[in-house]
Structures are given as structure tokens and as C-alpha cells.
$ cat target-v9.txt   # compact mmCIF, C-alpha atoms and all ligand atoms
# COMPACT_ATOMS: atom_id res chain seq x y z
CA MET T 1 178.05 27.14 11.82
CA ILE T 2 176.46 30.27 13.21
CA THR T 3 172.94 31.17 12.15
CA ALA T 4 171.24 34.49 12.81
CA LEU T 5 167.47 34.68 13.02
CA PHE T 6 166.63 38.28 12.27
CA ALA T 7 163.02 39.28 12.80
CA HIS T 8 162.40 42.93 11.98
CA PRO T 9 159.36 43.90 9.92
CA TYR T 10 160.88 47.26 8.91
CA PRO T 11 164.64 46.74 8.53
CA ARG T 12 164.82 49.94 6.47
CA PHE T 13 163.94 51.90 9.60
CA SER T 14 166.12 49.90 11.94
CA ILE T 15 168.75 52.06 13.58
CA VAL T 16 170.41 49.34 15.60
CA SER T 17 169.60 45.70 14.96
CA TYR T 18 169.81 45.68 11.16
CA PRO T 19 173.14 47.59 11.02
CA LEU T 20 174.40 45.23 13.71
CA LEU T 21 173.37 42.19 11.69
CA MET T 22 175.08 43.65 8.61
CA GLY T 23 178.24 44.40 10.61
CA LEU T 24 178.34 40.82 11.87
CA LYS T 25 177.68 39.40 8.41
CA ASN T 26 180.54 41.47 7.11
CA GLN T 27 182.91 39.99 9.68
CA PHE T 28 181.47 36.47 9.48
CA PRO T 29 180.53 35.99 5.82
CA LYS T 30 179.78 32.31 6.36
CA MET T 31 177.10 33.13 8.92
CA ASP T 32 173.62 32.22 7.70
CA ALA T 33 171.69 35.48 8.20
CA ARG T 34 168.03 34.60 7.94
CA MET T 35 165.91 37.69 7.39
CA LEU T 36 162.61 36.17 8.37
CA TYR T 37 160.37 38.97 7.12
CA ASP T 38 162.13 38.90 3.72
CA LEU T 39 161.99 35.13 3.50
CA TYR T 40 158.36 34.89 4.57
CA PRO T 41 156.54 38.13 3.71
CA ASP T 42 153.22 36.25 3.70
CA GLY T 43 153.95 34.58 7.05
CA ALA T 44 154.12 31.07 5.56
CA ILE T 45 157.28 29.76 7.18
CA ASN T 46 159.12 26.95 5.42
CA VAL T 47 159.42 24.77 8.49
CA ALA T 48 161.62 22.14 6.85
CA ALA T 49 164.10 24.77 5.62
CA GLU T 50 164.20 26.44 9.03
CA ARG T 51 164.73 23.13 10.81
CA GLU T 52 167.55 22.33 8.45
CA ALA T 53 169.14 25.70 9.23
CA VAL T 54 168.83 25.04 12.96
CA SER T 55 170.19 21.51 12.62
CA ARG T 56 173.38 22.60 10.92
CA SER T 57 174.10 25.38 13.44
CA SER T 58 175.93 25.23 16.72
CA LEU T 59 175.08 28.81 17.71
CA LEU T 60 171.86 30.68 17.02
CA LEU T 61 171.79 34.45 17.26
CA VAL T 62 168.27 35.74 17.74
CA LEU T 63 167.94 39.42 16.86
CA HIS T 64 164.70 41.39 17.02
CA PRO T 65 163.22 44.63 18.26
CA VAL T 66 161.07 44.17 21.34
CA PHE T 67 157.46 44.75 20.36
CA TRP T 68 154.99 45.12 23.20
CA TYR T 69 157.16 43.29 25.72
CA SER T 70 157.55 40.39 23.34
CA VAL T 71 158.84 39.35 19.95
CA PRO T 72 157.54 40.48 16.52
CA ALA T 73 154.69 38.27 15.34
CA LEU T 74 156.65 36.37 12.69
CA LEU T 75 159.28 35.32 15.21
CA LYS T 76 156.57 33.96 17.49
CA GLN T 77 155.20 32.10 14.48
CA TRP T 78 158.70 30.75 13.84
CA PHE T 79 158.96 29.57 17.46
CA ASP T 80 155.55 27.90 17.34
CA THR T 81 156.07 26.09 14.06
CA VAL T 82 159.81 25.36 13.86
CA LEU T 83 160.28 24.35 17.49
CA GLY T 84 157.69 21.64 17.22
CA TYR T 85 157.16 18.24 18.76
CA GLY T 86 159.58 15.61 17.53
CA PHE T 87 162.10 18.27 16.48
CA ALA T 88 162.68 20.56 19.42
CA TYR T 89 160.97 18.65 22.20
CA GLY T 90 159.32 15.33 22.88
CA GLU T 91 160.26 11.89 21.78
CA GLY T 92 163.23 11.62 19.43
CA ALA T 93 164.03 15.32 19.61
CA PRO T 94 167.61 15.83 20.67
CA THR T 95 168.12 18.48 17.98
CA LEU T 96 168.86 21.46 20.17
CA ARG T 97 170.80 19.80 22.97
CA ASP T 98 174.18 20.62 21.48
CA LYS T 99 173.29 24.18 20.53
CA ALA T 100 173.40 27.55 22.19
CA VAL T 101 171.32 30.70 21.81
CA LEU T 102 172.57 34.26 21.98
CA TRP T 103 169.55 36.51 22.34
CA MET T 104 169.98 40.08 21.11
CA PRO T 105 166.81 42.10 21.56
CA SER T 106 166.77 45.83 20.88
CA ILE T 107 164.61 48.00 23.06
CA GLY T 108 163.33 51.47 23.38
CA SER T 109 163.97 53.91 20.59
CA GLY T 110 160.93 55.82 19.41
CA PHE T 111 159.25 55.24 22.75
CA HIS T 112 161.16 57.72 24.86
CA GLY T 113 159.33 58.87 27.93
CA ARG T 114 156.40 56.53 27.52
CA GLY T 115 157.20 54.30 30.42
CA PHE T 116 159.25 51.45 29.00
CA GLN T 117 161.77 50.66 31.68
CA GLY T 118 164.36 48.65 29.82
CA PRO T 119 166.42 46.95 32.50
CA VAL T 120 163.35 46.06 34.56
CA VAL T 121 161.12 45.00 31.71
CA ILE T 122 163.71 43.09 29.76
CA SER T 123 163.87 40.37 32.40
CA GLU T 124 160.13 39.93 31.97
CA VAL T 125 160.49 39.76 28.20
CA GLN T 126 163.34 37.33 28.58
CA ALA T 127 161.58 34.90 30.91
CA PRO T 128 159.39 33.00 28.41
CA ILE T 129 161.99 33.11 25.65
CA LYS T 130 164.75 31.73 27.86
CA ARG T 131 162.43 29.07 29.23
CA MET T 132 161.40 28.07 25.75
CA TRP T 133 164.95 27.56 24.47
CA GLU T 134 166.01 25.82 27.65
CA SER T 135 162.98 23.54 27.46
CA CYS T 136 164.26 22.54 24.03
CA GLY T 137 167.64 21.71 25.56
CA ALA T 138 169.61 24.64 24.13
CA ALA T 139 172.18 26.46 26.26
CA TRP T 140 171.20 30.05 27.06
CA LEU T 141 174.16 32.40 26.75
CA GLU T 142 174.40 35.78 28.46
CA PRO T 143 172.13 37.93 26.26
CA GLN T 144 173.32 41.01 24.45
CA ILE T 145 170.62 43.56 25.17
CA ILE T 146 170.70 46.50 22.80
CA ASP T 147 169.37 49.48 24.64
CA SER T 148 168.54 52.19 22.17
CA ARG T 149 166.48 54.37 24.48
CA ILE T 150 169.29 56.88 24.28
CA PRO T 151 170.51 57.03 20.67
CA MET T 152 173.81 55.19 20.32
CA THR T 153 176.91 57.04 19.25
CA SER T 154 179.00 55.42 16.53
CA GLY T 155 181.48 54.53 19.29
CA ASP T 156 178.75 52.77 21.32
CA PHE T 157 177.65 50.90 18.21
CA ALA T 158 181.21 49.84 17.39
CA SER T 159 181.71 48.58 20.92
CA VAL T 160 178.54 46.44 20.81
CA LEU T 161 179.56 45.10 17.40
CA ASP T 162 183.08 44.30 18.62
CA SER T 163 181.84 42.64 21.75
CA VAL T 164 179.41 40.36 19.86
CA ALA T 165 182.01 39.64 17.16
CA ASP T 166 184.52 38.65 19.86
CA ARG T 167 182.01 36.28 21.41
CA MET T 168 181.27 34.74 18.01
CA ALA T 169 184.95 34.34 17.18
CA GLU T 170 185.52 32.66 20.55
CA TRP T 171 182.57 30.40 19.90
CA GLU T 172 183.86 29.41 16.49
CA ALA T 173 187.33 28.73 17.87
CA GLU T 174 185.86 26.41 20.49
CA HIS T 175 183.07 24.73 18.54
CA ASP T 176 183.40 24.78 14.78
C1 LIG V 201 154.75 47.94 17.78
C2 LIG V 201 155.94 48.33 18.62
C3 LIG V 201 156.01 47.94 19.93
C4 LIG V 201 157.11 48.26 20.73
N1 LIG V 201 157.15 47.81 22.01
C5 LIG V 201 158.24 48.08 22.77
C6 LIG V 201 158.33 47.58 24.11
O1 LIG V 201 157.44 46.90 24.61
N2 LIG V 201 159.44 47.88 24.83
C7 LIG V 201 160.46 48.63 24.30
O2 LIG V 201 161.46 48.86 25.00
N3 LIG V 201 160.42 49.11 23.04
C8 LIG V 201 159.34 48.85 22.28
N4 LIG V 201 159.29 49.30 20.98
C9 LIG V 201 160.45 50.02 20.44
C10 LIG V 201 161.35 49.08 19.63
O3 LIG V 201 161.73 47.96 20.38
C11 LIG V 201 162.59 49.85 19.21
O4 LIG V 201 162.18 50.89 18.37
C12 LIG V 201 163.57 48.98 18.48
O5 LIG V 201 164.08 47.99 19.33
C13 LIG V 201 164.75 49.78 17.96
O6 LIG V 201 165.61 48.88 17.28
P1 LIG V 201 165.89 49.04 15.72
O7 LIG V 201 166.64 50.34 15.56
O8 LIG V 201 166.70 47.90 15.32
O9 LIG V 201 164.55 49.09 15.03
C14 LIG V 201 158.18 49.00 20.17
C15 LIG V 201 158.10 49.41 18.83
C16 LIG V 201 157.01 49.07 18.05
C17 LIG V 201 156.96 49.52 16.61
$ encode --input "target-v9.txt" --output "C-alpha cells" --more "lines below"
Ligand SMILES: Cc1cc2nc3c(=O)[nH]c(=O)nc-3n(C[C@H](O)[C@H](O)[C@H](O)COP(=O)(O)O)c2cc1C
Amino acid sequence: MITALFAHPYPRFSIVSYPLLMGLKNQFPKMDARMLYDLYPDGAINVAAEREAVSRSSLLLVLHPVFWYSVPALLKQWFDTVLGYGFAYGEGAPTLRDKAVLWMPSIGSGFHGRGFQGPVVISEVQAPIKRMWESCGAAWLEPQIIDSRIPMTSGDFASVLDSVADRMAEWEAEHD
């Protein structure tokens, strides 16, 4: 089972990550696409439901726009509550050891010329997130960074979608 954690507070205005999620859902209808801001508009995450979703997945896609060199607030809240002691780390917590994470942050659009330097900064954004998942025992796959500093053409978008879909299909063939 593949689960997507999608954390975008304004999906209506999303040019890249929301259409990408929808494109993937279209190709993988069984994928559990969890729109965190729709599920938890008041920020009260259902930890048990999220843990159940994680437990039944072999691959987690994590999609979000980068906000101030980090993740949107609700995703941080998800990390801090769902990946808790006894589930994701600590005694009796083998939950994530057989799982992998494909991180798909989108960067840049709307901030042209204001000093965000995608390729340089993204490694800094990645560092704590990668460490967190690895500390929980999950395998960290090569991320799919979505660089929208220069608006994507429909061809660029299709090629990102195809490349992620290929990786997911390969994953399913090997794991599910
Ligand atoms: C509050 C806020 C903070 C942002 N911080 C960053 C940032 O630190 N680095 C960056 O590259 N882009 C930053 N952005 C731009 C978003 O990451 C970008 O608009 C988004 O990834 C585009 O993807 P989308 O089309 O799916 O919304 C920020 C945007 C907002 C609204």
C-alpha cells in the first residue's frame, strides 16, 4: 500500500504539488491520499487513524510546499504527534523499519528573485526531515524535488509525473 501525506494549506492555489497528487491518484486509485489540511482543518490530528494509515503502508509519499525552509505547520504537528514514542521510536516501536519515504517538496514559485536558492537550501531543509525518518528506521529514497522557481511547462509537469509514477509502479511490483 502506498500512502501520500499531502500538506498544503491552500491546495486551490497550488500550481504543482496538488495537480501532481491528483495525477498520481488518477494512476494509482488505491493510493491513500491524505489531505492533511482537509482532514484536520482545526489542527486536531487523529493520531490513531494516522498511525493506522502508516502501519498499513510500505511506501509513504510526503508532499508539501516548502514554507520558510521547513514544512507547513500541520505537517510538523503530524510529525510530532504521529511519530511518537512507542510507535515510531523507542521500546516496542518497529513500525517504520520496513517502510520507505519518498519526499517530494515543492519550492520557489511566488518568491522569484527574493533570494531562495533552491538547490543549496533544499539540502538544509532536507537534513532534519531525513534524519527524523531515518531515526524512525524508515528507508530514505532519493527525493523528488519539485522546483517551481521557473514555471513548469506542461511537458515538464508530465515528465515529473511520469518519473514518480514509474518509481511507484516499480515499488509496487517489488513490495506489494
Ligand atoms: C509562507 C511561505 C513560505 C515560503 N517559504 C519558502 C522557502 O523557504 N523556500 C522556497 O523555495 N519557497 C518558499 N515558499 C514558496 C512555496 O514553497 C512555493 O510557492 C510552493 O512550493 C509552490 O508549490 P505549489 O504550486 O504546489 O503551491 C514559501 C511560500 C509561502 C506561502
$ residues_near_point --input "target-v9.txt" --point "(167.9, 17.9, 16.3)" --cutoff "12 Å" --atoms "all atoms listed in the file" --output "PyMOL selection string"
chain T and resi 50-58+82-99+136-138
$ atom_distance --input "target-v9.txt" --atom1 "CA of Leu20 (chain T)" --atom2 "CA of Ala48 (chain T)"
27.3 Å
$ closest_residue --input "target-v9.txt" --among "T:Val16, T:Ala158, T:Leu74, T:Met132" --to "Ile145 (chain T)" --atoms "all atoms listed in the file"
T:Val16
$ residues_around --input "target-v9.txt" --residues "Trp78 (chain T)" --least-positions-apart "4" --cutoff "12 Å" --atoms "only C-alpha atoms" --output "list in words"
Leu5, Phe6, Ala7, Arg34, Met35, Leu36, Tyr37, Leu39, Tyr40, Gly43, Ala44, Ile45, Asn46, Val47, Ala48, Ala49, Glu50, Arg51, Val54, Val62, Val71, Pro72, Ala73, Leu74, Val82, Leu83 and Gly84 of chain T
$ closest_residue --input "target-v9.txt" --among "T:Phe79, T:Val66, T:Ser135, T:Leu102" --to "Met168 (chain T)" --atoms "only C-alpha atoms"
T:Leu102
$ residues_near_ligand --input "target-v9.txt" --ligand "ligand LIG 201 (chain V)" --cutoff "12 Å" --atoms "all atoms listed in the file" --output "VMD selection string"
chain T and resid 6 to 22 63 to 73 104 to 126 145 to 152 157
$ write_last_selection --input "target-v9.txt" --atoms "C-alpha atoms" --output "PDB file, in the frame of the given file"
ATOM      1  CA  PHE T   6     166.630  38.280  12.270  1.00  0.00           C
ATOM      2  CA  ALA T   7     163.020  39.280  12.800  1.00  0.00           C
ATOM      3  CA  HIS T   8     162.400  42.930  11.980  1.00  0.00           C
ATOM      4  CA  PRO T   9     159.360  43.900   9.920  1.00  0.00           C
ATOM      5  CA  TYR T  10     160.880  47.260   8.910  1.00  0.00           C
ATOM      6  CA  PRO T  11     164.640  46.740   8.530  1.00  0.00           C
ATOM      7  CA  ARG T  12     164.820  49.940   6.470  1.00  0.00           C
ATOM      8  CA  PHE T  13     163.940  51.900   9.600  1.00  0.00           C
ATOM      9  CA  SER T  14     166.120  49.900  11.940  1.00  0.00           C
ATOM     10  CA  ILE T  15     168.750  52.060  13.580  1.00  0.00           C
ATOM     11  CA  VAL T  16     170.410  49.340  15.600  1.00  0.00           C
ATOM     12  CA  SER T  17     169.600  45.700  14.960  1.00  0.00           C
ATOM     13  CA  TYR T  18     169.810  45.680  11.160  1.00  0.00           C
ATOM     14  CA  PRO T  19     173.140  47.590  11.020  1.00  0.00           C
ATOM     15  CA  LEU T  20     174.400  45.230  13.710  1.00  0.00           C
ATOM     16  CA  LEU T  21     173.370  42.190  11.690  1.00  0.00           C
ATOM     17  CA  MET T  22     175.080  43.650   8.610  1.00  0.00           C
ATOM     18  CA  LEU T  63     167.940  39.420  16.860  1.00  0.00           C
ATOM     19  CA  HIS T  64     164.700  41.390  17.020  1.00  0.00           C
ATOM     20  CA  PRO T  65     163.220  44.630  18.260  1.00  0.00           C
ATOM     21  CA  VAL T  66     161.070  44.170  21.340  1.00  0.00           C
ATOM     22  CA  PHE T  67     157.460  44.750  20.360  1.00  0.00           C
ATOM     23  CA  TRP T  68     154.990  45.120  23.200  1.00  0.00           C
ATOM     24  CA  TYR T  69     157.160  43.290  25.720  1.00  0.00           C
ATOM     25  CA  SER T  70     157.550  40.390  23.340  1.00  0.00           C
ATOM     26  CA  VAL T  71     158.840  39.350  19.950  1.00  0.00           C
ATOM     27  CA  PRO T  72     157.540  40.480  16.520  1.00  0.00           C
ATOM     28  CA  ALA T  73     154.690  38.270  15.340  1.00  0.00           C
ATOM     29  CA  MET T 104     169.980  40.080  21.110  1.00  0.00           C
ATOM     30  CA  PRO T 105     166.810  42.100  21.560  1.00  0.00           C
ATOM     31  CA  SER T 106     166.770  45.830  20.880  1.00  0.00           C
ATOM     32  CA  ILE T 107     164.610  48.000  23.060  1.00  0.00           C
ATOM     33  CA  GLY T 108     163.330  51.470  23.380  1.00  0.00           C
ATOM     34  CA  SER T 109     163.970  53.910  20.590  1.00  0.00           C
ATOM     35  CA  GLY T 110     160.930  55.820  19.410  1.00  0.00           C
ATOM     36  CA  PHE T 111     159.250  55.240  22.750  1.00  0.00           C
ATOM     37  CA  HIS T 112     161.160  57.720  24.860  1.00  0.00           C
ATOM     38  CA  GLY T 113     159.330  58.870  27.930  1.00  0.00           C
ATOM     39  CA  ARG T 114     156.400  56.530  27.520  1.00  0.00           C
ATOM     40  CA  GLY T 115     157.200  54.300  30.420  1.00  0.00           C
ATOM     41  CA  PHE T 116     159.250  51.450  29.000  1.00  0.00           C
ATOM     42  CA  GLN T 117     161.770  50.660  31.680  1.00  0.00           C
ATOM     43  CA  GLY T 118     164.360  48.650  29.820  1.00  0.00           C
ATOM     44  CA  PRO T 119     166.420  46.950  32.500  1.00  0.00           C
ATOM     45  CA  VAL T 120     163.350  46.060  34.560  1.00  0.00           C
ATOM     46  CA  VAL T 121     161.120  45.000  31.710  1.00  0.00           C
ATOM     47  CA  ILE T 122     163.710  43.090  29.760  1.00  0.00           C
ATOM     48  CA  SER T 123     163.870  40.370  32.400  1.00  0.00           C
ATOM     49  CA  GLU T 124     160.130  39.930  31.970  1.00  0.00           C
ATOM     50  CA  VAL T 125     160.490  39.760  28.200  1.00  0.00           C
ATOM     51  CA  GLN T 126     163.340  37.330  28.580  1.00  0.00           C
ATOM     52  CA  ILE T 145     170.620  43.560  25.170  1.00  0.00           C
ATOM     53  CA  ILE T 146     170.700  46.500  22.800  1.00  0.00           C
ATOM     54  CA  ASP T 147     169.370  49.480  24.640  1.00  0.00           C
ATOM     55  CA  SER T 148     168.540  52.190  22.170  1.00  0.00           C
ATOM     56  CA  ARG T 149     166.480  54.370  24.480  1.00  0.00           C
ATOM     57  CA  ILE T 150     169.290  56.880  24.280  1.00  0.00           C
ATOM     58  CA  PRO T 151     170.510  57.030  20.670  1.00  0.00           C
ATOM     59  CA  MET T 152     173.810  55.190  20.320  1.00  0.00           C
ATOM     60  CA  PHE T 157     177.650  50.900  18.210  1.00  0.00           C
TER      61      PHE T 157
END
$ closest_residue --input "target-v9.txt" --among "T:Asp42, T:Lys25, T:Ala139, T:Met1" --to "Val164 (chain T)" --atoms "only C-alpha atoms"
T:Lys25
$ closest_residue --input "target-v9.txt" --among "T:Val101, T:Pro41, T:Gln144, T:Lys76" --to "Thr3 (chain T)" --atoms "only C-alpha atoms"
T:Val101
$ atom_distance --input "target-v9.txt" --atom1 "CA of Arg167 (chain T)" --atom2 "CA of Ala127 (chain T)"
22.6 Å
$ closest_residue --input "target-v9.txt" --among "T:Leu161, T:Asp166, T:Glu172, T:Pro143" --to "Leu24 (chain T)" --atoms "all atoms listed in the file"
T:Leu161
$ atom_distance --input "target-v9.txt" --atom1 "CA of Asp156 (chain T)" --atom2 "CA of Leu60 (chain T)"
23.5 Å
$ closest_residue --input "target-v9.txt" --among "T:Trp103, T:Ala173, T:Pro128, T:Gly155" --to "Glu142 (chain T)" --atoms "all atoms listed in the file"
T:Trp103
$ axis_aligned_box --input "target-v9.txt" --around "region 1-20 of chain T" --padding-each-side "6 Å" --output "JSON"
{"center_x": 168.7, "center_y": 39.6, "center_z": 11.0, "size_x": 30.7, "size_y": 36.9, "size_z": 21.1}
$ decode --input "target-v9.txt" --residues "region 17-50 of chain T" --atoms "N, CA and C atoms" --output "short mmCIF file (atom, residue, chain, number, x, y, z; two decimals), in the first residue's frame"
data_model
loop_
_atom_site.label_atom_id
_atom_site.label_comp_id
_atom_site.auth_asym_id
_atom_site.auth_seq_id
_atom_site.Cartn_x
_atom_site.Cartn_y
_atom_site.Cartn_z
N SER T 17 2.14 20.92 -6.58
CA SER T 17 2.04 19.70 -5.76
C SER T 17 0.62 19.11 -5.77
N TYR T 18 -0.40 19.94 -5.76
CA TYR T 18 -1.75 19.38 -5.77
C TYR T 18 -2.07 18.70 -7.12
N PRO T 19 -1.80 19.37 -8.26
CA PRO T 19 -2.00 18.65 -9.53
C PRO T 19 -1.19 17.37 -9.61
N LEU T 20 0.00 17.38 -9.03
CA LEU T 20 0.82 16.16 -9.06
C LEU T 20 0.16 15.06 -8.23
N LEU T 21 -0.32 15.43 -7.06
CA LEU T 21 -1.01 14.44 -6.22
C LEU T 21 -2.22 13.87 -6.98
N MET T 22 -2.98 14.75 -7.63
CA MET T 22 -4.17 14.29 -8.36
C MET T 22 -3.79 13.38 -9.52
N GLY T 23 -2.70 13.73 -10.20
CA GLY T 23 -2.22 12.90 -11.32
C GLY T 23 -1.82 11.52 -10.83
N LEU T 24 -1.18 11.48 -9.67
CA LEU T 24 -0.75 10.18 -9.12
C LEU T 24 -1.96 9.38 -8.66
N LYS T 25 -2.91 10.06 -8.05
CA LYS T 25 -4.12 9.37 -7.56
C LYS T 25 -4.89 8.76 -8.74
N ASN T 26 -4.87 9.50 -9.83
CA ASN T 26 -5.54 9.03 -11.03
C ASN T 26 -4.89 7.73 -11.55
N GLN T 27 -3.58 7.68 -11.47
CA GLN T 27 -2.88 6.48 -11.96
C GLN T 27 -2.84 5.36 -10.93
N PHE T 28 -2.93 5.74 -9.65
CA PHE T 28 -2.88 4.74 -8.57
C PHE T 28 -4.10 4.93 -7.68
N PRO T 29 -5.28 4.53 -8.16
CA PRO T 29 -6.51 4.82 -7.41
C PRO T 29 -6.52 4.21 -6.01
N LYS T 30 -5.73 3.16 -5.81
CA LYS T 30 -5.75 2.54 -4.47
C LYS T 30 -4.88 3.30 -3.46
N MET T 31 -4.10 4.25 -3.97
CA MET T 31 -3.24 5.03 -3.07
C MET T 31 -4.12 5.80 -2.07
N ASP T 32 -3.70 5.78 -0.81
CA ASP T 32 -4.41 6.54 0.21
C ASP T 32 -3.84 7.96 0.20
N ALA T 33 -4.59 8.90 -0.38
CA ALA T 33 -4.10 10.29 -0.46
C ALA T 33 -4.68 11.07 0.71
N ARG T 34 -3.85 11.36 1.67
CA ARG T 34 -4.32 12.00 2.90
C ARG T 34 -4.06 13.51 2.84
N MET T 35 -5.15 14.24 2.63
CA MET T 35 -5.05 15.70 2.52
C MET T 35 -5.14 16.24 3.95
N LEU T 36 -3.99 16.46 4.53
CA LEU T 36 -3.99 16.73 5.98
C LEU T 36 -4.77 17.98 6.36
N TYR T 37 -4.69 19.03 5.54
CA TYR T 37 -5.41 20.26 5.90
C TYR T 37 -6.93 20.10 5.73
N ASP T 38 -7.35 19.17 4.86
CA ASP T 38 -8.80 18.91 4.75
C ASP T 38 -9.26 18.03 5.90
N LEU T 39 -8.41 17.04 6.23
CA LEU T 39 -8.79 16.12 7.31
C LEU T 39 -8.82 16.82 8.66
N TYR T 40 -7.88 17.76 8.84
CA TYR T 40 -7.72 18.36 10.18
C TYR T 40 -7.66 19.88 10.10
N PRO T 41 -8.79 20.49 9.66
CA PRO T 41 -8.76 21.95 9.49
C PRO T 41 -8.53 22.69 10.80
N ASP T 42 -8.88 22.03 11.93
CA ASP T 42 -8.67 22.69 13.23
C ASP T 42 -7.35 22.27 13.86
N GLY T 43 -6.55 21.50 13.13
CA GLY T 43 -5.23 21.10 13.64
C GLY T 43 -5.24 19.92 14.58
N ALA T 44 -6.44 19.39 14.88
CA ALA T 44 -6.51 18.27 15.85
C ALA T 44 -6.35 16.95 15.09
N ILE T 45 -5.12 16.49 15.01
CA ILE T 45 -4.81 15.29 14.23
C ILE T 45 -5.32 14.04 14.94
N ASN T 46 -5.96 13.17 14.17
CA ASN T 46 -6.40 11.88 14.73
C ASN T 46 -5.19 10.94 14.67
N VAL T 47 -4.48 10.90 15.77
CA VAL T 47 -3.20 10.18 15.80
C VAL T 47 -3.41 8.69 15.52
N ALA T 48 -4.45 8.12 16.10
CA ALA T 48 -4.68 6.68 15.90
C ALA T 48 -4.95 6.39 14.43
N ALA T 49 -5.75 7.23 13.78
CA ALA T 49 -6.06 7.00 12.36
C ALA T 49 -4.81 7.15 11.50
N GLU T 50 -3.98 8.14 11.85
CA GLU T 50 -2.76 8.36 11.07
C GLU T 50 -1.77 7.20 11.28
#
